[in-house]
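Below: run_27.cif (mmCIF, C-alpha atoms and all ligand atoms)
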```
data_input
#
loop_
_atom_site.group_PDB
_atom_site.id
_atom_site.type_symbol
_atom_site.label_atom_id
_atom_site.label_comp_id
_atom_site.auth_asym_id
_atom_site.auth_seq_id
_atom_site.Cartn_x
_atom_site.Cartn_y
_atom_site.Cartn_z
ATOM 1 C CA MET A 12 7.109 -2.244 -13.483
ATOM 2 C CA LYS A 13 9.686 -2.951 -16.185
ATOM 3 C CA ASN A 14 11.910 -0.241 -17.731
ATOM 4 C CA ASN A 15 11.969 1.711 -14.519
ATOM 5 C CA TYR A 16 15.151 3.656 -15.290
ATOM 6 C CA TYR A 17 16.463 6.136 -17.846
ATOM 7 C CA PRO A 18 16.310 5.885 -20.811
ATOM 8 C CA PHE A 19 12.595 5.293 -20.656
ATOM 9 C CA VAL A 20 10.859 3.553 -23.557
ATOM 10 C CA ASN A 21 7.192 3.362 -24.370
ATOM 11 C CA GLN A 22 6.460 -0.302 -23.883
ATOM 12 C CA PRO A 23 3.478 -1.740 -25.759
ATOM 13 C CA LEU A 24 0.128 -1.886 -24.000
ATOM 14 C CA PRO A 25 -0.517 -5.205 -22.229
ATOM 15 C CA TYR A 26 -3.448 -5.703 -24.695
ATOM 16 C CA ASP A 27 -4.499 -4.557 -28.178
ATOM 17 C CA ASP A 28 -5.803 -1.034 -28.779
ATOM 18 C CA GLN A 29 -9.299 -2.417 -29.323
ATOM 19 C CA ALA A 30 -9.221 -4.832 -26.375
ATOM 20 C CA LEU A 31 -11.208 -2.560 -24.065
ATOM 21 C CA GLU A 32 -14.073 -2.052 -26.530
ATOM 22 C CA PRO A 33 -16.893 -1.262 -26.067
ATOM 23 C CA TYR A 34 -15.973 0.428 -22.767
ATOM 24 C CA ILE A 35 -13.028 2.427 -24.066
ATOM 25 C CA ASP A 36 -12.664 2.808 -27.817
ATOM 26 C CA GLU A 37 -9.701 1.776 -29.938
ATOM 27 C CA LYS A 38 -8.838 5.282 -31.146
ATOM 28 C CA THR A 39 -8.731 6.680 -27.624
ATOM 29 C CA MET A 40 -6.434 3.866 -26.485
ATOM 30 C CA HIS A 41 -4.177 4.373 -29.485
ATOM 31 C CA LEU A 42 -3.828 8.126 -29.030
ATOM 32 C CA HIS A 43 -3.580 7.866 -25.264
ATOM 33 C CA HIS A 44 -0.710 5.373 -25.370
ATOM 34 C CA ASP A 45 1.122 6.249 -28.583
ATOM 35 C CA ARG A 46 0.824 10.041 -28.383
ATOM 36 C CA HIS A 47 0.066 11.220 -24.848
ATOM 37 C CA LEU A 48 2.229 8.734 -22.925
ATOM 38 C CA GLN A 49 4.933 8.918 -25.609
ATOM 39 C CA THR A 50 5.171 12.681 -25.091
ATOM 40 C CA TYR A 51 5.751 12.273 -21.337
ATOM 41 C CA ILE A 52 8.421 9.650 -22.041
ATOM 42 C CA ASP A 53 10.165 11.861 -24.605
ATOM 43 C CA ASN A 54 10.051 14.892 -22.316
ATOM 44 C CA LEU A 55 11.375 12.954 -19.330
ATOM 45 C CA ASN A 56 14.266 11.514 -21.371
ATOM 46 C CA GLU A 57 15.059 14.957 -22.736
ATOM 47 C CA ILE A 58 15.274 16.462 -19.229
ATOM 48 C CA LEU A 59 17.327 13.558 -17.847
ATOM 49 C CA LYS A 60 19.766 13.711 -20.758
ATOM 50 C CA GLN A 61 21.087 16.932 -19.215
ATOM 51 C CA GLU A 62 20.864 15.741 -15.590
ATOM 52 C CA VAL A 63 23.361 12.891 -15.343
ATOM 53 C CA GLN A 64 23.059 12.579 -11.544
ATOM 54 C CA LEU A 65 19.315 11.879 -11.854
ATOM 55 C CA GLN A 66 19.741 9.142 -14.467
ATOM 56 C CA LYS A 67 20.356 6.441 -11.885
ATOM 57 C CA LEU A 68 17.084 7.084 -10.037
ATOM 58 C CA SER A 69 14.041 4.908 -10.620
ATOM 59 C CA LEU A 70 10.806 6.417 -11.886
ATOM 60 C CA GLU A 71 9.327 6.291 -8.367
ATOM 61 C CA GLN A 72 12.451 7.860 -6.852
ATOM 62 C CA LEU A 73 12.273 10.718 -9.360
ATOM 63 C CA ILE A 74 8.680 11.371 -8.306
ATOM 64 C CA GLN A 75 9.537 11.143 -4.596
ATOM 65 C CA ILE A 76 12.374 13.671 -4.788
ATOM 66 C CA SER A 77 10.722 16.045 -7.273
ATOM 67 C CA GLY A 78 9.816 18.579 -4.566
ATOM 68 C CA ARG A 79 13.380 18.698 -3.250
ATOM 69 C CA LEU A 80 15.103 19.266 -6.589
ATOM 70 C CA PRO A 81 16.402 22.649 -7.754
ATOM 71 C CA TYR A 82 13.348 24.773 -8.474
ATOM 72 C CA ARG A 83 13.784 24.739 -12.281
ATOM 73 C CA LEU A 84 13.522 20.925 -12.239
ATOM 74 C CA GLN A 85 10.628 20.458 -9.804
ATOM 75 C CA ALA A 86 7.634 20.911 -12.103
ATOM 76 C CA PRO A 87 9.253 19.302 -15.173
ATOM 77 C CA ILE A 88 10.198 16.155 -13.211
ATOM 78 C CA ARG A 89 6.901 15.991 -11.276
ATOM 79 C CA ASN A 90 4.827 16.401 -14.451
ATOM 80 C CA ASN A 91 6.771 14.096 -16.735
ATOM 81 C CA ALA A 92 7.864 11.326 -14.340
ATOM 82 C CA GLY A 93 4.305 11.453 -12.968
ATOM 83 C CA GLY A 94 2.915 11.379 -16.515
ATOM 84 C CA VAL A 95 4.871 8.189 -17.252
ATOM 85 C CA PHE A 96 4.097 6.435 -13.953
ATOM 86 C CA ASN A 97 0.405 7.393 -13.884
ATOM 87 C CA HIS A 98 -0.291 6.274 -17.444
ATOM 88 C CA ARG A 99 1.548 2.978 -17.110
ATOM 89 C CA PHE A 100 -0.302 2.274 -13.873
ATOM 90 C CA PHE A 101 -3.645 3.222 -15.417
ATOM 91 C CA PHE A 102 -3.149 1.045 -18.511
ATOM 92 C CA GLU A 103 -1.951 -1.955 -16.484
ATOM 93 C CA GLY A 104 -4.942 -1.556 -14.215
ATOM 94 C CA MET A 105 -7.486 -2.454 -16.916
ATOM 95 C CA ALA A 106 -8.388 -5.763 -18.561
ATOM 96 C CA ASN A 107 -11.199 -7.032 -20.773
ATOM 97 C CA PRO A 108 -12.698 -9.351 -19.794
ATOM 98 C CA ALA A 109 -11.819 -8.285 -16.270
ATOM 99 C CA PRO A 110 -11.588 -10.592 -13.284
ATOM 100 C CA GLN A 111 -14.881 -10.509 -11.380
ATOM 101 C CA GLY A 112 -14.272 -8.144 -8.501
ATOM 102 C CA PRO A 113 -11.377 -8.400 -6.059
ATOM 103 C CA ASP A 114 -10.917 -11.565 -4.076
ATOM 104 C CA GLY A 115 -8.666 -12.475 -1.169
ATOM 105 C CA VAL A 116 -7.151 -9.859 1.107
ATOM 106 C CA LEU A 117 -8.005 -6.828 -1.022
ATOM 107 C CA ARG A 118 -11.687 -7.737 -1.016
ATOM 108 C CA GLN A 119 -11.669 -8.242 2.760
ATOM 109 C CA ARG A 120 -9.887 -4.960 3.295
ATOM 110 C CA ILE A 121 -12.256 -3.007 1.019
ATOM 111 C CA ILE A 122 -15.301 -4.459 2.803
ATOM 112 C CA ARG A 123 -13.778 -3.702 6.198
ATOM 113 C CA GLU A 124 -13.024 -0.080 5.331
ATOM 114 C CA PHE A 125 -15.837 0.889 2.965
ATOM 115 C CA GLY A 126 -18.664 -1.447 4.041
ATOM 116 C CA SER A 127 -19.068 -3.249 0.728
ATOM 117 C CA LEU A 128 -17.581 -3.328 -2.759
ATOM 118 C CA ASP A 129 -20.546 -1.308 -4.038
ATOM 119 C CA ASP A 130 -20.059 1.349 -1.345
ATOM 120 C CA PHE A 131 -16.407 1.560 -2.273
ATOM 121 C CA LEU A 132 -17.191 1.915 -5.998
ATOM 122 C CA GLU A 133 -19.739 4.630 -5.250
ATOM 123 C CA GLN A 134 -17.241 6.629 -3.189
ATOM 124 C CA PHE A 135 -14.598 6.127 -5.856
ATOM 125 C CA ARG A 136 -17.023 7.287 -8.543
ATOM 126 C CA SER A 137 -17.841 10.508 -6.728
ATOM 127 C CA ALA A 138 -14.152 11.197 -6.081
ATOM 128 C CA ALA A 139 -13.397 10.750 -9.798
ATOM 129 C CA LEU A 140 -16.325 13.006 -10.716
ATOM 130 C CA SER A 141 -15.162 15.678 -8.278
ATOM 131 C CA VAL A 142 -11.747 16.247 -9.910
ATOM 132 C CA PHE A 143 -11.840 19.799 -11.244
ATOM 133 C CA GLY A 144 -10.108 19.966 -14.618
ATOM 134 C CA SER A 145 -7.467 17.336 -15.308
ATOM 135 C CA GLY A 146 -6.287 14.691 -12.868
ATOM 136 C CA TYR A 147 -6.779 11.257 -11.400
ATOM 137 C CA ALA A 148 -8.740 9.407 -8.726
ATOM 138 C CA TRP A 149 -6.828 6.776 -6.775
ATOM 139 C CA LEU A 150 -7.176 4.011 -4.260
ATOM 140 C CA VAL A 151 -3.965 4.080 -2.218
ATOM 141 C CA TRP A 152 -2.469 2.230 0.733
ATOM 142 C CA ASN A 153 -1.029 4.609 3.314
ATOM 143 C CA GLN A 154 0.824 1.934 5.375
ATOM 144 C CA ARG A 155 -2.174 1.420 7.662
ATOM 145 C CA ARG A 156 -5.318 1.656 5.621
ATOM 146 C CA LEU A 157 -6.858 2.132 2.196
ATOM 147 C CA LYS A 158 -7.774 5.623 1.148
ATOM 148 C CA ILE A 159 -9.539 7.188 -1.848
ATOM 149 C CA MET A 160 -7.880 10.381 -3.049
ATOM 150 C CA THR A 161 -7.543 12.585 -6.111
ATOM 151 C CA THR A 162 -4.533 14.331 -7.628
ATOM 152 C CA PRO A 163 -4.488 17.255 -10.056
ATOM 153 C CA ASN A 164 -2.550 17.268 -13.343
ATOM 154 C CA GLN A 165 0.137 14.552 -13.351
ATOM 155 C CA ASN A 166 0.742 14.630 -9.601
ATOM 156 C CA CYS A 167 1.242 11.160 -8.183
ATOM 157 C CA PRO A 168 0.552 9.817 -4.655
ATOM 158 C CA VAL A 169 4.009 8.189 -4.700
ATOM 159 C CA GLU A 170 5.392 11.685 -4.029
ATOM 160 C CA GLN A 171 3.693 11.565 -0.587
ATOM 161 C CA GLY A 172 4.955 8.066 0.156
ATOM 162 C CA LEU A 173 1.568 6.477 -0.619
ATOM 163 C CA ARG A 174 1.233 3.230 -2.547
ATOM 164 C CA PRO A 175 -1.228 3.270 -5.466
ATOM 165 C CA ILE A 176 -3.603 0.298 -5.795
ATOM 166 C CA LEU A 177 -6.084 1.550 -8.425
ATOM 167 C CA VAL A 178 -6.338 4.619 -10.629
ATOM 168 C CA ILE A 179 -8.611 6.222 -13.185
ATOM 169 C CA ASP A 180 -7.319 8.914 -15.540
ATOM 170 C CA VAL A 181 -9.995 11.603 -15.777
ATOM 171 C CA TRP A 182 -8.197 13.943 -18.156
ATOM 172 C CA GLU A 183 -10.600 14.626 -21.036
ATOM 173 C CA HIS A 184 -8.231 12.922 -23.496
ATOM 174 C CA ALA A 185 -9.009 9.647 -21.682
ATOM 175 C CA TYR A 186 -12.667 9.691 -22.737
ATOM 176 C CA TYR A 187 -13.661 12.638 -24.922
ATOM 177 C CA LEU A 188 -13.833 10.819 -28.302
ATOM 178 C CA LYS A 189 -16.394 8.309 -27.040
ATOM 179 C CA HIS A 190 -18.028 9.880 -24.013
ATOM 180 C CA TYR A 191 -17.695 13.538 -25.038
ATOM 181 C CA ASN A 192 -18.017 15.716 -21.936
ATOM 182 C CA LEU A 193 -19.833 13.043 -19.912
ATOM 183 C CA ARG A 194 -17.201 11.953 -17.420
ATOM 184 C CA GLY A 195 -19.793 10.096 -15.347
ATOM 185 C CA ASN A 196 -20.516 7.727 -18.264
ATOM 186 C CA TYR A 197 -16.813 7.094 -18.745
ATOM 187 C CA ILE A 198 -16.355 6.261 -15.051
ATOM 188 C CA LYS A 199 -19.305 3.875 -15.286
ATOM 189 C CA ASP A 200 -17.687 2.215 -18.322
ATOM 190 C CA TRP A 201 -14.310 1.956 -16.587
ATOM 191 C CA MET A 202 -15.640 0.005 -13.609
ATOM 192 C CA PRO A 203 -16.325 -3.297 -15.460
ATOM 193 C CA ILE A 204 -12.759 -3.340 -16.838
ATOM 194 C CA ILE A 205 -10.881 -2.864 -13.559
ATOM 195 C CA ASN A 206 -8.058 -5.404 -13.493
ATOM 196 C CA TRP A 207 -8.742 -6.650 -9.963
ATOM 197 C CA LYS A 208 -6.045 -9.308 -10.237
ATOM 198 C CA GLN A 209 -3.455 -6.636 -10.839
ATOM 199 C CA ALA A 210 -4.891 -4.512 -7.991
ATOM 200 C CA GLU A 211 -4.704 -7.478 -5.623
ATOM 201 C CA LYS A 212 -1.092 -8.135 -6.615
ATOM 202 C CA THR A 213 -0.171 -4.481 -6.150
ATOM 203 C CA PHE A 214 -1.924 -4.404 -2.776
ATOM 204 C CA LEU A 215 -0.024 -7.457 -1.489
ATOM 205 C CA HIS A 216 3.227 -5.943 -2.697
ATOM 206 C CA ALA A 217 2.440 -2.584 -1.046
ATOM 207 C CA GLN A 218 1.608 -4.279 2.256
ATOM 208 C CA ASN A 219 4.811 -6.289 2.229
ATOM 209 C CA ARG A 220 6.861 -3.209 1.517
ATOM 210 C CA SER A 221 5.311 -1.331 4.418
ATOM 211 C CA CYS A 222 5.894 -4.269 6.805
ATOM 212 C CA ARG A 223 9.604 -4.238 6.035
ATOM 213 C CA ARG A 224 10.001 -0.638 7.164
HETATM 214 MN MN MN B 301 -3.953 10.450 -19.783
#
```

Output the file's structure as structure tokens, nothing else.
Amino acid sequence: MKNNYYPFVNQPLPYDDQALEPYIDEKTMHLHHDRHLQTYIDNLNEILKQEVQLQKLSLEQLIQISGRLPYRLQAPIRNNAGGVFNHRFFFEGMANPAPQGPDGVLRQRIIREFGSLDDFLEQFRSAALSVFGSGYAWLVWNQRRLKIMTTPNQNCPVEQGLRPILVIDVWEHAYYLKHYNLRGNYIKDWMPIINWKQAEKTFLHAQNRSCRR
């Protein structure tokens, strides 16, 4: 991930606002990137401006230490560093047209742990549906195996030392303009635009990092 240190800038999406049509609409992508993500970036920069000793930490390091910071900084850093990381990861994790399913080691691993790609997608779908209020559903690597999990708000699995492989943003702002209140339809529309190439790359990287420990 580029621009991983203060001052954070809102880098352009890796595709045009309308690139994910008809699955995710242009207006949603525009507002999601240019307004919602921008706000997290602005807030994070504003906090870090006053906290010189935190300016040399990477985005992931900020998330990892958020729970050990002085109390007044814990929620602001968790929410805003998480808001930047989660959105960047979500946007990078989509492509249209998308590569057809995972191949290579990620595919093998998913089949080994979930039975089949369809079984995995079904479990992922129900996890994403089950998030109460705002949050995310993730596929993460926990150093030994793949795991589906959810996080509330802008909490990020990186805080628990987990390595994200896939994510879907299920905050209403991610789908309300097109799918209204029907999160299930949005999840169904997200599945054909999963950037499996990116997921595979992230998975290989996560595995290598855990081997070096
Ligand atoms: Mn969002």

Please find the residues contacting ligand MN 301 (chain B) at a distance of at most 8 Å between atoms, with all atoms listed in the file counted, and report them as an mmCIF file with C-alpha atoms, in the coordinates of the input.
```
data_model
loop_
_atom_site.group_PDB
_atom_site.id
_atom_site.type_symbol
_atom_site.label_atom_id
_atom_site.label_comp_id
_atom_site.auth_asym_id
_atom_site.auth_seq_id
_atom_site.Cartn_x
_atom_site.Cartn_y
_atom_site.Cartn_z
ATOM 1 C CA HIS A 43 -3.580 7.866 -25.264
ATOM 2 C CA HIS A 47 0.066 11.220 -24.848
ATOM 3 C CA LEU A 48 2.229 8.734 -22.925
ATOM 4 C CA GLY A 94 2.915 11.379 -16.515
ATOM 5 C CA ASN A 97 0.405 7.393 -13.884
ATOM 6 C CA HIS A 98 -0.291 6.274 -17.444
ATOM 7 C CA ASP A 180 -7.319 8.914 -15.540
ATOM 8 C CA VAL A 181 -9.995 11.603 -15.777
ATOM 9 C CA TRP A 182 -8.197 13.943 -18.156
ATOM 10 C CA GLU A 183 -10.600 14.626 -21.036
ATOM 11 C CA HIS A 184 -8.231 12.922 -23.496
ATOM 12 C CA ALA A 185 -9.009 9.647 -21.682
#
```

- Task: Name the residues in contact with Ala210 of chain A at a cut-off of 8 Å, using all atoms listed in the file, excluding same-chain residues fewer than 3 positions from it; report them as a PyMOL selection string.
- Result: chain A and resi 104+113+117+176-177+206-207+213-214

With C-alpha atoms kept, could you save the residues just selected as a PDB file, in the frame of the given file?
```
ATOM      1  CA  GLY A 104      -4.942  -1.556 -14.215  1.00  0.00           C
ATOM      2  CA  PRO A 113     -11.377  -8.400  -6.059  1.00  0.00           C
ATOM      3  CA  LEU A 117      -8.005  -6.828  -1.022  1.00  0.00           C
ATOM      4  CA  ILE A 176      -3.603   0.298  -5.795  1.00  0.00           C
ATOM      5  CA  LEU A 177      -6.084   1.550  -8.425  1.00  0.00           C
ATOM      6  CA  ASN A 206      -8.058  -5.404 -13.493  1.00  0.00           C
ATOM      7  CA  TRP A 207      -8.742  -6.650  -9.963  1.00  0.00           C
ATOM      8  CA  THR A 213      -0.171  -4.481  -6.150  1.00  0.00           C
ATOM      9  CA  PHE A 214      -1.924  -4.404  -2.776  1.00  0.00           C
TER      10      PHE A 214
END
```

For the provided coordinates, the residues matched by the PyMOL selection byres (((chain A and resi 86) around 12) and not hetatm) should be stated as a list of chain:residue names.
A:Leu55, A:Ile58, A:Leu73, A:Ile74, A:Ile76, A:Ser77, A:Gly78, A:Arg79, A:Leu80, A:Pro81, A:Tyr82, A:Arg83, A:Leu84, A:Gln85, A:Pro87, A:Ile88, A:Arg89, A:Asn90, A:Asn91, A:Ala92, A:Gly93, A:Gly94, A:Asn164, A:Gln165, A:Asn166

### Task
Counting all atoms listed in the file, select every polymer residue within 10 Å of (-4.5, 9.6, -7.5) as defined in the file's coordinates, and provide the selection as a count of residues only.
28

From the list A:Asp129, A:His216, A:Lys13, A:Ser137, the nearest residue to Val116 of chain A using only C-alpha atoms is A:His216

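You can rank A:Leu157, A:Leu215, A:Leu59, A:Ile204 by their closest distance to Phe131 of chain A using only C-alpha atoms, and at the top of that list sits A:Leu157.
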
Expressed in Å, the length from atom CA of Phe125 of chain A to atom CA of Val142 of chain A is 20.5 Å

Q.
Could you check the closest approach to Gly115 of chain A for each of A:Asp45, A:Glu32, A:Asp130, A:Glu211 and tell me which residue wins, using all atoms listed in the file?
A.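 Closest residue, counting all atoms listed in the file: A:Glu211.
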
Run the PyMOL selection byres (((chain A and resi 197) around 9) and not hetatm) against the file shown and list the residues it catches, as a tab-separated table (two decimals) with C-alpha atoms, in the frame of the given file.
```tsv
chain	number	residue	atom	x	y	z
A	34	TYR	CA	-15.97	0.43	-22.77
A	35	ILE	CA	-13.03	2.43	-24.07
A	181	VAL	CA	-9.99	11.60	-15.78
A	185	ALA	CA	-9.01	9.65	-21.68
A	186	TYR	CA	-12.67	9.69	-22.74
A	187	TYR	CA	-13.66	12.64	-24.92
A	189	LYS	CA	-16.39	8.31	-27.04
A	190	HIS	CA	-18.03	9.88	-24.01
A	193	LEU	CA	-19.83	13.04	-19.91
A	194	ARG	CA	-17.20	11.95	-17.42
A	195	GLY	CA	-19.79	10.10	-15.35
A	196	ASN	CA	-20.52	7.73	-18.26
A	198	ILE	CA	-16.36	6.26	-15.05
A	199	LYS	CA	-19.30	3.88	-15.29
A	200	ASP	CA	-17.69	2.22	-18.32
A	201	TRP	CA	-14.31	1.96	-16.59
A	202	MET	CA	-15.64	0.00	-13.61
```

Centre and size of axis-aligned box enclosing segment 160-175 of chain A plus 8 Å each side, as lines of an AutoDock Vina configuration file:
```
center_x = -1.2
center_y = 10.2
center_z = -6.6
size_x = 29.3
size_y = 30.0
size_z = 29.5
```

Problem set entry | atom CA of Tyr51 of chain A to atom CA of Gln29 of chain A, straight-line distance in Å |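 According to the coordinates, atom CA of Gln29 of chain A and atom CA of Tyr51 of chain A are separated by 22.5 Å.
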
| message | For Glu37 of chain A, find every residue with an atom within 9 Å (counting all atoms listed in the file), except residues of its own chain fewer than 6 positions away, and show them as a list in words. | response | Asp27, Asp28, Gln29, Ala30 and Leu31 of chain A

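Comparing the minimum interatomic distances between Arg155 of chain A and each of A:Leu128, A:Ile122, A:Ala106, A:Ala217, counting all atoms listed in the file, we find that A:Ala217 sits nearest.
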
Query - Distance of atom CA of Pro25 of chain A from atom CA of Met105 of chain A, expressed in Å to one decimal place - result: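 Those two atoms sit 9.2 Å apart.
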
Counting all atoms listed in the file, what is within 8 Å of Asn56 of chain A, bar same-chain residues fewer than 6 positions away, as JSON, numbers by chain? {"A": [17, 18, 19]}

With distances taken over all atoms listed in the file, the candidate from A:Glu124, A:Glu170, A:Asp114, A:Glu103 nearest Pro23 of chain A is A:Glu103

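The smallest atom-to-atom distance between Asn192 of chain A and any of A:Lys208, A:Gln66, A:Gln119, A:Gly144, using all atoms listed in the file, is found for A:Gly144.
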
Repaired coordinates for segment 202-211 of chain A (all heavy atoms) as a PDB file, in the coordinates of the input:
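Output file result13.pdb is given in full below:
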```pdb
ATOM      1  N   MET A 202     -15.523   0.937 -14.751  1.00  0.00           N
ATOM      2  CA  MET A 202     -15.640   0.005 -13.609  1.00  0.00           C
ATOM      3  C   MET A 202     -15.669  -1.479 -13.996  1.00  0.00           C
ATOM      4  O   MET A 202     -15.063  -2.294 -13.314  1.00  0.00           O
ATOM      5  CB  MET A 202     -16.822   0.391 -12.734  1.00  0.00           C
ATOM      6  CG  MET A 202     -16.483   1.688 -12.006  1.00  0.00           C
ATOM      7  SD  MET A 202     -17.634   2.167 -10.746  1.00  0.00           S
ATOM      8  CE  MET A 202     -16.614   3.425  -9.919  1.00  0.00           C
ATOM      9  N   PRO A 203     -16.337  -1.866 -15.098  1.00  0.00           N
ATOM     10  CA  PRO A 203     -16.325  -3.297 -15.460  1.00  0.00           C
ATOM     11  C   PRO A 203     -14.984  -3.782 -16.005  1.00  0.00           C
ATOM     12  O   PRO A 203     -14.815  -4.986 -16.194  1.00  0.00           O
ATOM     13  CB  PRO A 203     -17.398  -3.398 -16.563  1.00  0.00           C
ATOM     14  CG  PRO A 203     -18.075  -2.092 -16.618  1.00  0.00           C
ATOM     15  CD  PRO A 203     -17.207  -1.080 -15.972  1.00  0.00           C
ATOM     16  N   ILE A 204     -14.053  -2.893 -16.288  1.00  0.00           N
ATOM     17  CA  ILE A 204     -12.759  -3.340 -16.838  1.00  0.00           C
ATOM     18  C   ILE A 204     -11.611  -3.105 -15.854  1.00  0.00           C
ATOM     19  O   ILE A 204     -10.442  -3.055 -16.246  1.00  0.00           O
ATOM     20  CB  ILE A 204     -12.453  -2.691 -18.213  1.00  0.00           C
ATOM     21  CG1 ILE A 204     -12.663  -1.180 -18.180  1.00  0.00           C
ATOM     22  CG2 ILE A 204     -13.302  -3.343 -19.304  1.00  0.00           C
ATOM     23  CD1 ILE A 204     -12.186  -0.479 -19.445  1.00  0.00           C
ATOM     24  N   ILE A 205     -11.939  -2.959 -14.572  1.00  0.00           N
ATOM     25  CA  ILE A 205     -10.881  -2.864 -13.559  1.00  0.00           C
ATOM     26  C   ILE A 205     -10.172  -4.213 -13.479  1.00  0.00           C
ATOM     27  O   ILE A 205     -10.809  -5.254 -13.318  1.00  0.00           O
ATOM     28  CB  ILE A 205     -11.470  -2.520 -12.173  1.00  0.00           C
ATOM     29  CG1 ILE A 205     -12.153  -1.146 -12.200  1.00  0.00           C
ATOM     30  CG2 ILE A 205     -10.369  -2.547 -11.107  1.00  0.00           C
ATOM     31  CD1 ILE A 205     -12.912  -0.814 -10.915  1.00  0.00           C
ATOM     32  N   ASN A 206      -8.859  -4.179 -13.594  1.00  0.00           N
ATOM     33  CA  ASN A 206      -8.058  -5.404 -13.493  1.00  0.00           C
ATOM     34  C   ASN A 206      -7.821  -5.726 -12.012  1.00  0.00           C
ATOM     35  O   ASN A 206      -6.781  -5.392 -11.440  1.00  0.00           O
ATOM     36  CB  ASN A 206      -6.735  -5.231 -14.244  1.00  0.00           C
ATOM     37  CG  ASN A 206      -5.943  -6.509 -14.316  1.00  0.00           C
ATOM     38  OD1 ASN A 206      -6.253  -7.476 -13.604  1.00  0.00           O
ATOM     39  ND2 ASN A 206      -4.934  -6.530 -15.168  1.00  0.00           N
ATOM     40  N   TRP A 207      -8.802  -6.391 -11.409  1.00  0.00           N
ATOM     41  CA  TRP A 207      -8.742  -6.650  -9.963  1.00  0.00           C
ATOM     42  C   TRP A 207      -7.592  -7.571  -9.586  1.00  0.00           C
ATOM     43  O   TRP A 207      -7.083  -7.514  -8.469  1.00  0.00           O
ATOM     44  CB  TRP A 207     -10.065  -7.237  -9.478  1.00  0.00           C
ATOM     45  CG  TRP A 207     -11.173  -6.223  -9.410  1.00  0.00           C
ATOM     46  CD1 TRP A 207     -12.271  -6.137 -10.215  1.00  0.00           C
ATOM     47  CD2 TRP A 207     -11.291  -5.132  -8.481  1.00  0.00           C
ATOM     48  NE1 TRP A 207     -13.051  -5.073  -9.844  1.00  0.00           N
ATOM     49  CE2 TRP A 207     -12.476  -4.438  -8.781  1.00  0.00           C
ATOM     50  CE3 TRP A 207     -10.491  -4.674  -7.416  1.00  0.00           C
ATOM     51  CZ2 TRP A 207     -12.894  -3.318  -8.067  1.00  0.00           C
ATOM     52  CZ3 TRP A 207     -10.909  -3.555  -6.703  1.00  0.00           C
ATOM     53  CH2 TRP A 207     -12.089  -2.891  -7.027  1.00  0.00           C
ATOM     54  N   LYS A 208      -7.186  -8.426 -10.524  1.00  0.00           N
ATOM     55  CA  LYS A 208      -6.045  -9.308 -10.237  1.00  0.00           C
ATOM     56  C   LYS A 208      -4.786  -8.495 -10.037  1.00  0.00           C
ATOM     57  O   LYS A 208      -3.995  -8.725  -9.127  1.00  0.00           O
ATOM     58  CB  LYS A 208      -5.845 -10.284 -11.399  1.00  0.00           C
ATOM     59  CG  LYS A 208      -6.322 -11.658 -11.072  1.00  0.00           C
ATOM     60  CD  LYS A 208      -5.732 -12.722 -11.998  1.00  0.00           C
ATOM     61  CE  LYS A 208      -6.371 -14.049 -11.662  1.00  0.00           C
ATOM     62  NZ  LYS A 208      -7.734 -14.160 -12.229  1.00  0.00           N
ATOM     63  N   GLN A 209      -4.614  -7.516 -10.926  1.00  0.00           N
ATOM     64  CA  GLN A 209      -3.455  -6.636 -10.839  1.00  0.00           C
ATOM     65  C   GLN A 209      -3.520  -5.816  -9.548  1.00  0.00           C
ATOM     66  O   GLN A 209      -2.516  -5.636  -8.853  1.00  0.00           O
ATOM     67  CB  GLN A 209      -3.439  -5.719 -12.077  1.00  0.00           C
ATOM     68  CG  GLN A 209      -2.315  -4.712 -12.121  1.00  0.00           C
ATOM     69  CD  GLN A 209      -0.981  -5.369 -12.386  1.00  0.00           C
ATOM     70  OE1 GLN A 209      -0.913  -6.490 -12.879  1.00  0.00           O
ATOM     71  NE2 GLN A 209       0.094  -4.682 -12.044  1.00  0.00           N
ATOM     72  N   ALA A 210      -4.718  -5.319  -9.208  1.00  0.00           N
ATOM     73  CA  ALA A 210      -4.891  -4.512  -7.991  1.00  0.00           C
ATOM     74  C   ALA A 210      -4.539  -5.332  -6.751  1.00  0.00           C
ATOM     75  O   ALA A 210      -3.871  -4.845  -5.834  1.00  0.00           O
ATOM     76  CB  ALA A 210      -6.329  -3.991  -7.909  1.00  0.00           C
ATOM     77  N   GLU A 211      -4.988  -6.580  -6.745  1.00  0.00           N
ATOM     78  CA  GLU A 211      -4.704  -7.478  -5.623  1.00  0.00           C
ATOM     79  C   GLU A 211      -3.188  -7.691  -5.473  1.00  0.00           C
ATOM     80  O   GLU A 211      -2.629  -7.616  -4.377  1.00  0.00           O
ATOM     81  CB  GLU A 211      -5.413  -8.819  -5.887  1.00  0.00           C
ATOM     82  CG  GLU A 211      -5.121  -9.903  -4.869  1.00  0.00           C
ATOM     83  CD  GLU A 211      -6.148  -9.949  -3.740  1.00  0.00           C
ATOM     84  OE1 GLU A 211      -7.287  -9.488  -3.954  1.00  0.00           O
ATOM     85  OE2 GLU A 211      -5.801 -10.428  -2.663  1.00  0.00           O
TER      86      GLU A 211
END
```
